[in-house]
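Just below is one structure, and these are the notes that go with it.
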Amino acid sequence: MAQTILDLLKKGIEANHADKFRKGNLVSLPPTGMMIVTGDIHGHRRNFERILTYADLENNPQRHLLLQEIIHGGPENEYGECLSYTVLLDAVRYKIRFPDRVHIIMGNHDTAFITDGEVMKNGKEMNRSMCSAMDREYGADGQQIKQAMKHFLFSQPLAVRCANRIWLSHSLPSNRKADQFDKTIMDRPLEPRDIVKPGSAYLLTWGRNHDQLLLDTMAELLDVDFFILGHQPQPNGWRVAGMNLIILACEHNHGCLMRFNMEKTYTIEELMEKIIQLSSIE
Ligand SMILES: [Mn+2]
């Protein structure tokens, strides 16, 4: 059992590095095919299943799927401990099946898990909760499996840049931290110091409340036109949060995904029309 999970995570790490569109920490996709973007999943298994049903990568070889922030939230065991790692393991299985078309990018809950940080959600510290559930399920192998999961999360790319100038990442640096963000992090191997304050992967995954100046500055720096992000909670499943920013969320019943053609360029109004309610998917 434990060996199966360890092998799975090892293959997942290999798949993260084998992604043929990945260079450094950025996945750059060519102007072909369709991108399906999702927001934070936070253990919401039903929505995760809907996303996979919708993506149907097996029968649609031109499609790509972006997943992010899969852990922390959703079902609990009988002791009230967080079982979201089971959704992550299923996402890893999907990544292994389609290593060049499933792109799981790093979120701040991932960096918090790797660094044993605290993440509060509804009054509960999620890392402790998830670790307890893993120890309960895996017993003496829990420690080794948690370590392997950290290595998997650390091996994730930071962002996806589509050829039609749309950028996908968990978030962007906050207004006041933008000048500390070093974009060369995209081109070199990630180091542990990058995911803690004030490292650039930390800034990229934890920033919130971006003003238009920040969005325009980042668009120029990263040479893109639009940002599709997760991270900031969206009760309606999505929100236009700037002239060039749409935020998606997949962690509740109003969750949404977005799909767009990577051969085409879009206006923000056209991108809004590409949003799909997960509840509409069987
Ligand atoms: Mn987040």
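As shown in the structure tokens, the chain order sets the letters A, B, ...; within each chain, residues go from 1, and ligands are also counted from 1 in the order they appear.
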Could you list, as a tab-separated table (two decimals) with C-alpha atoms, in the first residue's frame, all protein and nucleic acid residues with an atom at most 12 Å from ligand 1, counting only C-alpha atoms and all ligand atoms?
```
chain	number	residue	atom	x	y	z
A	39	GLY	CA	-9.45	27.51	-9.80
A	40	ASP	CA	-8.78	26.28	-6.27
A	41	ILE	CA	-10.26	22.84	-5.60
A	42	HIS	CA	-9.51	22.52	-1.85
A	68	GLN	CA	-4.31	24.24	-8.83
A	69	GLU	CA	-4.52	24.18	-5.05
A	70	ILE	CA	-6.07	20.75	-4.69
A	71	ILE	CA	-5.41	20.20	-0.97
A	72	HIS	CA	-7.02	21.51	2.26
A	73	GLY	CA	-10.80	21.23	2.53
A	105	ILE	CA	0.68	24.51	-10.77
A	106	MET	CA	1.88	25.49	-7.31
A	107	GLY	CA	-0.45	27.19	-4.85
A	108	ASN	CA	0.25	28.75	-1.47
A	109	HIS	CA	-1.39	25.84	0.35
A	110	ASP	CA	1.20	23.63	-1.34
A	111	THR	CA	4.07	25.83	-0.18
A	112	ALA	CA	2.54	25.88	3.32
A	113	PHE	CA	2.42	22.07	3.36
A	119	VAL	CA	-3.11	27.46	7.08
A	120	MET	CA	-6.33	28.32	8.87
A	121	LYS	CA	-9.66	27.47	7.28
A	169	SER	CA	-0.83	31.11	-12.14
A	170	HIS	CA	-2.19	30.73	-8.63
A	171	SER	CA	-1.86	34.44	-7.95
A	172	LEU	CA	0.46	37.42	-8.51
A	202	TYR	CA	6.07	32.82	-2.22
A	203	LEU	CA	5.12	36.24	-3.60
A	204	LEU	CA	3.56	34.71	-6.72
A	205	THR	CA	1.34	32.30	-4.77
A	206	TRP	CA	0.33	34.40	-1.74
A	207	GLY	CA	-0.40	37.89	-3.19
A	208	ARG	CA	-3.92	39.35	-3.08
A	229	LEU	CA	-5.82	33.22	-11.43
A	230	GLY	CA	-7.17	31.31	-8.44
A	231	HIS	CA	-6.39	31.92	-4.76
A	232	GLN	CA	-8.87	34.64	-3.82
A	233	PRO	CA	-12.25	33.19	-2.74
A	234	GLN	CA	-15.11	33.81	-5.20
A	247	ILE	CA	-10.30	34.92	-10.91
A	248	LEU	CA	-11.81	31.41	-10.84
A	249	ALA	CA	-12.82	29.19	-7.89
A	250	CYS	CA	-13.80	25.48	-7.91
A	251	GLU	CA	-14.16	24.75	-4.20
```
Tell me, as a compact mmCIF listing (two decimals) with C-alpha atoms, in the first residue's frame, which residues lie within 10 Å of Met149 of chain A, counting only C-alpha atoms; anything in the same chain fewer than 4 positions away does not count.
```txt
# COMPACT_ATOMS: atom_id res chain seq x y z
CA ILE A 5 1.61 5.60 -3.02
CA LEU A 6 5.35 6.29 -2.94
CA LEU A 8 2.75 7.09 -7.59
CA LEU A 9 4.28 10.28 -6.18
CA LYS A 10 7.66 9.43 -7.69
CA GLY A 12 4.17 12.24 -10.54
CA ILE A 13 7.44 14.08 -9.93
CA TYR A 85 -4.77 14.39 -0.09
CA LEU A 88 -4.42 15.22 -4.87
CA LEU A 89 -3.37 11.59 -5.39
CA ASP A 110 1.20 23.63 -1.34
CA PHE A 113 2.42 22.07 3.36
CA ILE A 114 6.02 21.80 2.15
CA GLN A 143 6.07 10.18 7.54
CA GLN A 144 7.62 8.85 4.35
CA ILE A 145 4.47 9.46 2.33
CA LEU A 153 4.34 19.60 -4.61
CA PHE A 154 7.79 21.17 -4.81
CA SER A 155 8.26 19.76 -8.32
```
Helix (DSSP H, G or I) residues, from DSSP on the backbone, in segment 147-183 of chain A, as a ChimeraX atom specification:
/A:147-154,175-180,183
Among segment 35-276 of chain A, which residues does DSSP mark as strand (DSSP E) when it is run on the backbone? Keep the chain and numbering as in the structure and answer as JSON, numbers by chain.
{"A": [35, 36, 37, 38, 39, 40, 63, 64, 65, 66, 67, 68, 102, 103, 104, 105, 120, 121, 124, 125, 159, 160, 161, 162, 166, 167, 168, 169, 226, 227, 228, 229, 238, 239, 240, 241, 242, 245, 246, 247, 248, 256, 257, 258, 259, 260, 261, 275, 276]}
Filtering to N, CA and C atoms, could you give me those residues as a short mmCIF file (atom, residue, chain, number, x, y, z; two decimals), in the first residue's frame?
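Printed below is again.cif as written:
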```cif
data_model
loop_
_atom_site.label_atom_id
_atom_site.label_comp_id
_atom_site.auth_asym_id
_atom_site.auth_seq_id
_atom_site.Cartn_x
_atom_site.Cartn_y
_atom_site.Cartn_z
N MET A 35 -7.48 25.15 -23.95
CA MET A 35 -7.06 25.15 -22.55
C MET A 35 -8.30 25.16 -21.67
N ILE A 36 -8.31 24.27 -20.69
CA ILE A 36 -9.36 24.27 -19.69
C ILE A 36 -8.72 24.67 -18.36
N VAL A 37 -9.14 25.81 -17.85
CA VAL A 37 -8.54 26.37 -16.63
C VAL A 37 -9.49 26.19 -15.46
N THR A 38 -8.95 25.81 -14.32
CA THR A 38 -9.77 25.69 -13.11
C THR A 38 -9.14 26.50 -11.99
N GLY A 39 -9.94 26.79 -10.97
CA GLY A 39 -9.45 27.51 -9.80
C GLY A 39 -9.19 26.55 -8.64
N ASP A 40 -9.08 27.09 -7.45
CA ASP A 40 -8.78 26.28 -6.27
C ASP A 40 -9.82 25.18 -6.08
N ARG A 63 -6.69 18.91 -26.06
CA ARG A 63 -7.01 19.67 -24.86
C ARG A 63 -5.93 19.61 -23.80
N HIS A 64 -5.79 20.73 -23.11
CA HIS A 64 -4.94 20.81 -21.92
C HIS A 64 -5.81 21.16 -20.72
N LEU A 65 -5.36 20.73 -19.55
CA LEU A 65 -6.09 21.04 -18.32
C LEU A 65 -5.14 21.63 -17.28
N LEU A 66 -5.52 22.76 -16.71
CA LEU A 66 -4.75 23.36 -15.62
C LEU A 66 -5.48 23.15 -14.29
N LEU A 67 -4.77 22.58 -13.32
CA LEU A 67 -5.30 22.36 -11.97
C LEU A 67 -4.45 23.13 -10.97
N GLN A 68 -5.07 23.55 -9.87
CA GLN A 68 -4.31 24.24 -8.83
C GLN A 68 -4.96 24.08 -7.46
N VAL A 102 -1.81 17.75 -18.72
CA VAL A 102 -2.30 18.13 -17.39
C VAL A 102 -1.19 18.93 -16.72
N HIS A 103 -1.51 20.14 -16.30
CA HIS A 103 -0.50 21.01 -15.69
C HIS A 103 -1.01 21.40 -14.30
N ILE A 104 -0.36 20.87 -13.28
CA ILE A 104 -0.76 21.19 -11.90
C ILE A 104 0.24 22.22 -11.39
N ILE A 105 -0.24 23.44 -11.16
CA ILE A 105 0.68 24.51 -10.77
C ILE A 105 0.66 24.72 -9.25
N MET A 120 -5.05 28.38 8.17
CA MET A 120 -6.33 28.32 8.87
C MET A 120 -7.47 28.35 7.87
N LYS A 121 -8.45 27.47 8.10
CA LYS A 121 -9.66 27.47 7.28
C LYS A 121 -10.82 27.13 8.20
N LYS A 124 -9.84 25.93 11.58
CA LYS A 124 -9.07 24.70 11.70
C LYS A 124 -7.72 24.87 11.00
N GLU A 125 -6.66 24.35 11.63
CA GLU A 125 -5.34 24.41 10.99
C GLU A 125 -5.25 23.20 10.05
N ALA A 159 3.70 28.39 -13.28
CA ALA A 159 2.75 29.10 -14.13
C ALA A 159 2.71 28.48 -15.52
N VAL A 160 1.64 28.81 -16.25
CA VAL A 160 1.49 28.41 -17.65
C VAL A 160 1.27 29.67 -18.47
N ARG A 161 2.04 29.78 -19.54
CA ARG A 161 1.84 30.91 -20.45
C ARG A 161 1.34 30.35 -21.78
N CYS A 162 0.15 30.78 -22.19
CA CYS A 162 -0.41 30.31 -23.46
C CYS A 162 0.06 31.24 -24.58
N ILE A 166 -2.22 34.61 -22.72
CA ILE A 166 -2.96 34.47 -21.46
C ILE A 166 -2.07 33.74 -20.47
N TRP A 167 -1.95 34.32 -19.27
CA TRP A 167 -1.07 33.79 -18.21
C TRP A 167 -1.92 33.15 -17.12
N LEU A 168 -1.51 31.94 -16.71
CA LEU A 168 -2.23 31.21 -15.67
C LEU A 168 -1.29 30.92 -14.51
N SER A 169 -1.60 31.45 -13.34
CA SER A 169 -0.83 31.11 -12.14
C SER A 169 -1.78 31.19 -10.95
N PHE A 226 -3.50 38.88 -20.53
CA PHE A 226 -4.54 38.57 -19.53
C PHE A 226 -4.01 37.60 -18.48
N PHE A 227 -4.59 37.74 -17.28
CA PHE A 227 -4.31 36.81 -16.19
C PHE A 227 -5.58 36.06 -15.82
N ILE A 228 -5.48 34.74 -15.70
CA ILE A 228 -6.54 33.93 -15.10
C ILE A 228 -5.91 33.30 -13.86
N LEU A 229 -6.42 33.65 -12.68
CA LEU A 229 -5.82 33.22 -11.43
C LEU A 229 -6.83 32.48 -10.56
N TRP A 238 -16.52 33.02 -9.91
CA TRP A 238 -15.57 33.78 -10.73
C TRP A 238 -15.85 35.27 -10.57
N ARG A 239 -14.88 36.06 -10.99
CA ARG A 239 -15.03 37.51 -10.91
C ARG A 239 -14.01 38.17 -11.83
N VAL A 240 -14.45 39.22 -12.50
CA VAL A 240 -13.50 40.07 -13.22
C VAL A 240 -12.92 41.02 -12.17
N ALA A 241 -11.61 40.92 -11.94
CA ALA A 241 -11.00 41.66 -10.83
C ALA A 241 -9.99 42.68 -11.32
N GLY A 242 -10.17 43.11 -12.57
CA GLY A 242 -9.29 44.10 -13.17
C GLY A 242 -9.55 44.08 -14.67
N LEU A 245 -7.86 40.78 -15.71
CA LEU A 245 -7.80 39.69 -14.72
C LEU A 245 -9.17 39.06 -14.47
N ILE A 246 -9.21 37.73 -14.57
CA ILE A 246 -10.37 36.97 -14.13
C ILE A 246 -9.89 35.96 -13.09
N ILE A 247 -10.61 35.88 -11.97
CA ILE A 247 -10.30 34.92 -10.91
C ILE A 247 -11.36 33.82 -10.92
N LEU A 248 -10.90 32.57 -10.85
CA LEU A 248 -11.81 31.41 -10.84
C LEU A 248 -11.73 30.70 -9.49
N CYS A 256 -16.56 27.30 -10.96
CA CYS A 256 -16.56 27.48 -12.41
C CYS A 256 -15.22 27.04 -13.01
N LEU A 257 -15.26 26.70 -14.28
CA LEU A 257 -14.02 26.57 -15.04
C LEU A 257 -14.11 27.48 -16.25
N MET A 258 -13.00 27.63 -16.93
CA MET A 258 -12.99 28.42 -18.17
C MET A 258 -12.30 27.61 -19.24
N ARG A 259 -12.82 27.67 -20.46
CA ARG A 259 -12.12 26.99 -21.55
C ARG A 259 -11.95 27.99 -22.70
N PHE A 260 -10.76 27.98 -23.28
CA PHE A 260 -10.55 28.86 -24.43
C PHE A 260 -9.62 28.19 -25.43
N ASN A 261 -9.73 28.70 -26.64
CA ASN A 261 -8.95 28.20 -27.75
C ASN A 261 -7.59 28.92 -27.75
N ILE A 275 -16.73 31.03 -19.53
CA ILE A 275 -16.82 30.47 -18.18
C ILE A 275 -18.00 29.51 -18.10
N ILE A 276 -17.77 28.37 -17.47
CA ILE A 276 -18.79 27.32 -17.37
C ILE A 276 -18.99 26.93 -15.90
#
```
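Distance annotation: of A:Leu57, A:Leu52, A:Leu214, A:Leu29, the residue with the minimal separation from Asp90 of chain A is A:Leu52; atom set is only C-alpha atoms.
Going from atom CA of Glu270 of chain A over to atom CA of Arg46 of chain A, you cover 27.7 Å.
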